[in-house]
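K.L.:
What follows is a structure written as structure tokens; I'll ask about it next.
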Amino acid sequence: AQSVTQLGSHVSVSEGALVLLRCNYSSSVPPYLFWYVQYPNQGLQLLLKYTTGATLVKGINGFEAEFKKSETSFHLTKPSAHMSDAAEYFCAVTQGGNNRLAFGKGNQVVVIP
Amino acid sequence: NAGVMQNPRHLVRRRGQEARLRCSPMKGHSHVYWYRQLPEEGLKFMVYLQKENIIDESGMPKERFSAEFPKEGPSILRIQQVVRGDSAAYFCASSPGLGSYEQYFGPGTRLTVT
């Protein structure tokens with residue numbers, strides 16, 4: 001079965017600084033990987049996804065993530081944090097043919113002015 | 001194109017009552033998923049449905065919980081005889097079908113059991 005590990009439930013970052021959220025997965029077959037963002041009392045919004053092809057994927061709001069098979073990782077980055085990036089971020093994995101998503105426990109990002 | 005719709009957004013039930021949560025997928029989407037978000041636990045998969053079929057219910061509690069996605073109308077997640085531990089946010093997601101692995105989420109229903 002697939003699973004996702006996100007370390008550090010709360011992440012503080014200064015406005016303008018690099019945002020780095022780590023995601024490691026386990027999967028017995030080539031995974032499909034996703035990052036979602038959740039604002040308070042709202043549903044999840046897809047930030048970006050990796051299925052096949054280019055391992056560096058770009059998403060909305062200036063975020064990007066790189067799939068590294070050798071490290072079983074899919075870390076999320078943004079060069080310069082903005083106040084509007086304060087939210088909870090979830091990494092998720094699914095296996096081809098099985099559309100069930102397995103989520104990490106999430107990172108609550110706080111942006112410090 | 002309207003997104004995934006869920007209602008009600010907030011639902012309060014007393015212990016022992018029934019809760020019915022509704023989900024209307026995005027237009028053109030025939031696959032529906034339900035997830036539950038418990039405090040400090042993240043999102044957990046519950047059930048995956050297509051029209052008139054349950055494809056995967058491996059995440060559903062064995063008792064009191066059921067789900068359906070009829071030919072016409074929204075998908076329904078039903079919880080009978082609710083207990084305090086059922087208090088959570090329940091999210092519905094939809095996707096167009098096989099070959100597309102993107103799931104689009106609704107705003108959720110926040111169930112509180114008193």
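For the structure tokens, the naming scheme is as follows: chains receive sequential letters (A, B, ...) according to their order of presentation, residues are indexed from 1 within each chain, and ligands are indexed from 1 in presentation order.
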Report as JSON lines the residues of segment 11-90 of chain A within 12 Å of segment 99-109 of chain B, each with its shortest atom pair and distance in Å (one decimal), using only C-alpha atoms, ordered by chain and increasing residue number.
P.N.:
```
{"residue": "A:Pro31", "atom": "CA", "partner": "B:Tyr101", "partner_atom": "CA", "distance": 10.9}
{"residue": "A:Tyr32", "atom": "CA", "partner": "B:Tyr101", "partner_atom": "CA", "distance": 7.8}
{"residue": "A:Leu33", "atom": "CA", "partner": "B:Tyr101", "partner_atom": "CA", "distance": 9.5}
{"residue": "A:Phe34", "atom": "CA", "partner": "B:Glu102", "partner_atom": "CA", "distance": 8.5}
{"residue": "A:Trp35", "atom": "CA", "partner": "B:Glu102", "partner_atom": "CA", "distance": 10.9}
{"residue": "A:Tyr36", "atom": "CA", "partner": "B:Phe105", "partner_atom": "CA", "distance": 9.9}
{"residue": "A:Val37", "atom": "CA", "partner": "B:Phe105", "partner_atom": "CA", "distance": 10.9}
{"residue": "A:Gln38", "atom": "CA", "partner": "B:Pro107", "partner_atom": "CA", "distance": 9.8}
{"residue": "A:Tyr39", "atom": "CA", "partner": "B:Pro107", "partner_atom": "CA", "distance": 10.2}
{"residue": "A:Pro40", "atom": "CA", "partner": "B:Pro107", "partner_atom": "CA", "distance": 10.3}
{"residue": "A:Asn41", "atom": "CA", "partner": "B:Pro107", "partner_atom": "CA", "distance": 7.6}
{"residue": "A:Gln42", "atom": "CA", "partner": "B:Pro107", "partner_atom": "CA", "distance": 5.0}
{"residue": "A:Gly43", "atom": "CA", "partner": "B:Pro107", "partner_atom": "CA", "distance": 4.0}
{"residue": "A:Leu44", "atom": "CA", "partner": "B:Phe105", "partner_atom": "CA", "distance": 5.6}
{"residue": "A:Gln45", "atom": "CA", "partner": "B:Phe105", "partner_atom": "CA", "distance": 6.9}
{"residue": "A:Leu46", "atom": "CA", "partner": "B:Tyr104", "partner_atom": "CA", "distance": 7.4}
{"residue": "A:Leu47", "atom": "CA", "partner": "B:Glu102", "partner_atom": "CA", "distance": 10.9}
{"residue": "A:Leu48", "atom": "CA", "partner": "B:Glu102", "partner_atom": "CA", "distance": 9.7}
{"residue": "A:Lys49", "atom": "CA", "partner": "B:Glu102", "partner_atom": "CA", "distance": 8.1}
{"residue": "A:Tyr50", "atom": "CA", "partner": "B:Tyr101", "partner_atom": "CA", "distance": 10.0}
{"residue": "A:Thr51", "atom": "CA", "partner": "B:Tyr101", "partner_atom": "CA", "distance": 8.4}
{"residue": "A:Thr52", "atom": "CA", "partner": "B:Tyr101", "partner_atom": "CA", "distance": 11.6}
```
K.L.:
Near chain A, which residues of chain B fall within 10 Å when you count only C-alpha atoms, and what do they look like as a ChimeraX atom specification?
P.N.:
/B:4,9,31,33-35,37,40-48,55-56,58-59,89-93,95,97-110
K.L.:
Next, write the just-selected residues to a file, as a short mmCIF file (atom, residue, chain, number, x, y, z; two decimals), in the first residue's frame, keeping N, CA, C and O atoms as the atom set.
P.N.:
```cif
data_model
loop_
_atom_site.label_atom_id
_atom_site.label_comp_id
_atom_site.auth_asym_id
_atom_site.auth_seq_id
_atom_site.Cartn_x
_atom_site.Cartn_y
_atom_site.Cartn_z
N VAL B 4 -17.26 21.16 -7.41
CA VAL B 4 -17.92 20.14 -6.61
C VAL B 4 -18.72 20.82 -5.51
O VAL B 4 -18.21 21.71 -4.82
N ARG B 9 -23.10 22.59 4.55
CA ARG B 9 -21.71 22.91 4.91
C ARG B 9 -21.44 22.60 6.38
O ARG B 9 -20.33 22.21 6.74
N HIS B 31 -17.00 10.00 -11.38
CA HIS B 31 -16.35 9.29 -10.29
C HIS B 31 -16.37 10.18 -9.05
O HIS B 31 -16.01 11.36 -9.12
N TYR B 33 -15.43 10.39 -4.74
CA TYR B 33 -14.66 9.86 -3.62
C TYR B 33 -15.07 10.62 -2.36
O TYR B 33 -15.32 11.82 -2.41
N TRP B 34 -15.11 9.91 -1.26
CA TRP B 34 -15.34 10.54 0.04
C TRP B 34 -14.12 10.34 0.93
O TRP B 34 -13.55 9.25 1.00
N TYR B 35 -13.75 11.44 1.62
CA TYR B 35 -12.64 11.43 2.56
C TYR B 35 -13.11 12.04 3.88
O TYR B 35 -13.99 12.89 3.90
N GLN B 37 -11.71 13.99 7.42
CA GLN B 37 -10.59 14.69 8.04
C GLN B 37 -10.87 14.84 9.53
O GLN B 37 -11.73 15.62 9.93
N GLU B 40 -6.00 16.45 13.78
CA GLU B 40 -4.66 15.91 14.00
C GLU B 40 -4.41 14.59 13.24
O GLU B 40 -3.39 13.95 13.47
N GLU B 41 -5.30 14.21 12.34
CA GLU B 41 -5.09 12.93 11.65
C GLU B 41 -4.98 13.06 10.14
O GLU B 41 -4.69 12.09 9.47
N GLY B 42 -5.22 14.21 9.60
CA GLY B 42 -5.15 14.34 8.15
C GLY B 42 -6.36 13.71 7.47
O GLY B 42 -7.31 13.29 8.11
N LEU B 43 -6.31 13.64 6.17
CA LEU B 43 -7.44 13.11 5.39
C LEU B 43 -7.27 11.63 5.16
O LEU B 43 -6.21 11.16 4.77
N LYS B 44 -8.37 10.92 5.36
CA LYS B 44 -8.38 9.47 5.14
C LYS B 44 -9.44 9.11 4.12
O LYS B 44 -10.59 9.55 4.22
N PHE B 45 -9.07 8.27 3.19
CA PHE B 45 -10.00 7.77 2.17
C PHE B 45 -11.09 6.93 2.81
O PHE B 45 -10.82 6.14 3.74
N MET B 46 -12.31 7.11 2.33
CA MET B 46 -13.41 6.29 2.82
C MET B 46 -13.95 5.38 1.72
O MET B 46 -13.96 4.16 1.86
N VAL B 47 -14.40 5.99 0.60
CA VAL B 47 -15.09 5.18 -0.41
C VAL B 47 -14.96 5.85 -1.76
O VAL B 47 -14.83 7.08 -1.86
N TYR B 48 -15.00 5.01 -2.81
CA TYR B 48 -14.88 5.45 -4.20
C TYR B 48 -16.07 4.86 -4.95
O TYR B 48 -16.28 3.64 -4.92
N ILE B 55 -16.98 1.13 -6.01
CA ILE B 55 -15.77 0.54 -6.58
C ILE B 55 -14.81 0.09 -5.47
O ILE B 55 -14.21 -0.97 -5.56
N ASP B 56 -14.67 0.92 -4.44
CA ASP B 56 -13.71 0.62 -3.37
C ASP B 56 -14.26 1.23 -2.09
O ASP B 56 -14.38 2.44 -2.00
N SER B 58 -12.93 0.26 0.97
CA SER B 58 -12.00 -0.28 1.96
C SER B 58 -11.76 0.66 3.13
O SER B 58 -11.30 0.23 4.18
N GLY B 59 -12.06 1.94 2.98
CA GLY B 59 -11.85 2.89 4.06
C GLY B 59 -13.08 3.18 4.90
O GLY B 59 -13.03 3.97 5.84
N ALA B 89 -14.64 16.70 9.48
CA ALA B 89 -14.98 17.31 8.19
C ALA B 89 -14.98 16.20 7.15
O ALA B 89 -14.04 15.40 7.07
N TYR B 90 -16.03 16.14 6.36
CA TYR B 90 -16.17 15.12 5.33
C TYR B 90 -16.09 15.80 3.98
O TYR B 90 -16.87 16.71 3.68
N PHE B 91 -15.12 15.36 3.18
CA PHE B 91 -14.89 15.96 1.88
C PHE B 91 -15.25 14.99 0.76
O PHE B 91 -14.95 13.80 0.83
N CYS B 92 -15.85 15.54 -0.25
CA CYS B 92 -16.15 14.80 -1.46
C CYS B 92 -15.22 15.33 -2.56
O CYS B 92 -14.90 16.53 -2.59
N ALA B 93 -14.78 14.43 -3.42
CA ALA B 93 -13.99 14.81 -4.58
C ALA B 93 -14.56 14.11 -5.79
O ALA B 93 -15.18 13.05 -5.68
N SER B 95 -13.77 13.13 -10.17
CA SER B 95 -12.83 13.12 -11.29
C SER B 95 -13.58 12.64 -12.53
O SER B 95 -14.62 12.00 -12.43
N GLY B 97 -12.75 10.33 -14.68
CA GLY B 97 -12.75 8.90 -14.90
C GLY B 97 -11.37 8.36 -15.15
O GLY B 97 -10.38 9.05 -14.97
N LEU B 98 -11.32 7.10 -15.55
CA LEU B 98 -10.05 6.42 -15.75
C LEU B 98 -9.18 7.19 -16.73
O LEU B 98 -9.64 7.68 -17.76
N GLY B 99 -7.91 7.26 -16.41
CA GLY B 99 -6.97 8.01 -17.24
C GLY B 99 -6.72 9.40 -16.70
O GLY B 99 -5.73 10.02 -17.05
N SER B 100 -7.61 9.89 -15.84
CA SER B 100 -7.39 11.18 -15.19
C SER B 100 -7.27 10.93 -13.71
O SER B 100 -8.19 10.42 -13.09
N TYR B 101 -6.15 11.30 -13.13
CA TYR B 101 -5.93 11.03 -11.72
C TYR B 101 -6.12 12.26 -10.86
O TYR B 101 -5.92 12.22 -9.66
N GLU B 102 -6.54 13.36 -11.47
CA GLU B 102 -6.81 14.56 -10.69
C GLU B 102 -8.15 14.43 -10.01
O GLU B 102 -9.14 14.05 -10.64
N GLN B 103 -8.20 14.78 -8.75
CA GLN B 103 -9.45 14.81 -8.01
C GLN B 103 -9.71 16.25 -7.58
O GLN B 103 -8.81 16.93 -7.07
N TYR B 104 -10.94 16.69 -7.78
CA TYR B 104 -11.34 18.05 -7.46
C TYR B 104 -12.25 17.99 -6.24
O TYR B 104 -13.24 17.27 -6.24
N PHE B 105 -11.87 18.76 -5.23
CA PHE B 105 -12.54 18.66 -3.94
C PHE B 105 -13.62 19.71 -3.75
O PHE B 105 -13.50 20.85 -4.20
N GLY B 106 -14.65 19.31 -3.03
CA GLY B 106 -15.67 20.23 -2.58
C GLY B 106 -15.25 20.93 -1.31
O GLY B 106 -14.19 20.63 -0.75
N PRO B 107 -16.09 21.84 -0.81
CA PRO B 107 -15.74 22.63 0.37
C PRO B 107 -15.89 21.87 1.68
O PRO B 107 -15.44 22.34 2.72
N GLY B 108 -16.51 20.69 1.62
CA GLY B 108 -16.63 19.88 2.83
C GLY B 108 -17.90 20.12 3.62
O GLY B 108 -18.55 21.16 3.51
N THR B 109 -18.27 19.10 4.40
CA THR B 109 -19.36 19.22 5.38
C THR B 109 -18.74 18.97 6.75
O THR B 109 -18.09 17.94 6.96
N ARG B 110 -18.93 19.93 7.64
CA ARG B 110 -18.40 19.79 8.99
C ARG B 110 -19.51 19.28 9.91
O ARG B 110 -20.47 20.00 10.17
#
```
K.L.:
What does the distance from atom CA of Arg13 of chain B to atom CA of Ala88 of chain B come to in Å, to one decimal?
P.N.:
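Calculated distance between atom CA of Arg13 of chain B and atom CA of Ala88 of chain B is 12.0 Å.
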K.L.:
List every residue of chain A that DSSP, applied to the backbone of this structure, places in helix (DSSP H, G or I), and write the result as a ChimeraX atom specification.
P.N.:
/A:60-62,69-71,83-85
K.L.:
Residues of the last selection are to be written out with N, CA, C and O atoms, as a PDB file, in the first residue's frame.
P.N.:
```
ATOM      1  N   ILE A  60       0.475  26.233  -9.527  1.00  0.00           N
ATOM      2  CA  ILE A  60      -0.092  27.568  -9.384  1.00  0.00           C
ATOM      3  C   ILE A  60       0.608  28.326  -8.267  1.00  0.00           C
ATOM      4  O   ILE A  60       1.306  27.727  -7.425  1.00  0.00           O
ATOM      5  N   ASN A  61       0.445  29.622  -8.270  1.00  0.00           N
ATOM      6  CA  ASN A  61       0.941  30.505  -7.209  1.00  0.00           C
ATOM      7  C   ASN A  61       2.454  30.444  -7.019  1.00  0.00           C
ATOM      8  O   ASN A  61       2.954  30.725  -5.921  1.00  0.00           O
ATOM      9  N   GLY A  62       3.194  30.087  -8.068  1.00  0.00           N
ATOM     10  CA  GLY A  62       4.651  30.095  -8.004  1.00  0.00           C
ATOM     11  C   GLY A  62       5.286  28.876  -7.364  1.00  0.00           C
ATOM     12  O   GLY A  62       6.499  28.853  -7.135  1.00  0.00           O
ATOM     13  N   LYS A  69      12.971   9.847  -7.860  1.00  0.00           N
ATOM     14  CA  LYS A  69      12.665   8.434  -7.629  1.00  0.00           C
ATOM     15  C   LYS A  69      13.668   7.804  -6.673  1.00  0.00           C
ATOM     16  O   LYS A  69      13.297   7.036  -5.783  1.00  0.00           O
ATOM     17  N   SER A  70      14.956   8.127  -6.841  1.00  0.00           N
ATOM     18  CA  SER A  70      15.989   7.503  -6.021  1.00  0.00           C
ATOM     19  C   SER A  70      15.840   7.852  -4.545  1.00  0.00           C
ATOM     20  O   SER A  70      16.265   7.094  -3.671  1.00  0.00           O
ATOM     21  N   GLU A  71      15.231   9.002  -4.273  1.00  0.00           N
ATOM     22  CA  GLU A  71      15.042   9.448  -2.895  1.00  0.00           C
ATOM     23  C   GLU A  71      13.594   9.247  -2.439  1.00  0.00           C
ATOM     24  O   GLU A  71      13.272   9.605  -1.307  1.00  0.00           O
ATOM     25  N   MET A  83       2.471  36.480   2.131  1.00  0.00           N
ATOM     26  CA  MET A  83       1.524  36.326   3.246  1.00  0.00           C
ATOM     27  C   MET A  83       0.348  35.426   2.870  1.00  0.00           C
ATOM     28  O   MET A  83      -0.160  34.663   3.695  1.00  0.00           O
ATOM     29  N   SER A  84      -0.063  35.487   1.618  1.00  0.00           N
ATOM     30  CA  SER A  84      -1.206  34.698   1.172  1.00  0.00           C
ATOM     31  C   SER A  84      -0.899  33.196   1.093  1.00  0.00           C
ATOM     32  O   SER A  84      -1.802  32.397   0.854  1.00  0.00           O
ATOM     33  N   ASP A  85       0.370  32.818   1.292  1.00  0.00           N
ATOM     34  CA  ASP A  85       0.730  31.392   1.271  1.00  0.00           C
ATOM     35  C   ASP A  85       0.425  30.697   2.596  1.00  0.00           C
ATOM     36  O   ASP A  85       0.583  29.468   2.695  1.00  0.00           O
TER      37      ASP A  85
END
```
K.L.:
Counting only C-alpha atoms, which of A:Leu7, A:Val110, A:Cys91, A:Leu76 gets nearest to Leu21 of chain A?
P.N.:
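Closest to Leu21 of chain A, using only C-alpha atoms: A:Leu76.
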K.L.:
Taking the chain letters and numbering used in this document, name the residues of chain A that DSSP puts in strand (DSSP E), as a VMD selection string.
P.N.:
chain A and resid 3 to 5 10 to 14 19 to 21 24 to 26 31 to 38 44 to 50 56 to 58 64 to 68 73 to 78 87 to 95 98 to 103 107 to 112
K.L.:
Could you give me, as a ChimeraX atom specification, the residues within 12 Å of Arg78 of chain B, counting only C-alpha atoms and dropping anything in the same chain fewer than 4 positions from it?
P.N.:
/B:17-23,34,47,60-61,63-69,82,86,90,111
K.L.:
Report the distance between atom CA of His10 of chain B and atom CA of Val32 of chain B in Å, rounded to one decimal place.
P.N.:
20.3 Å
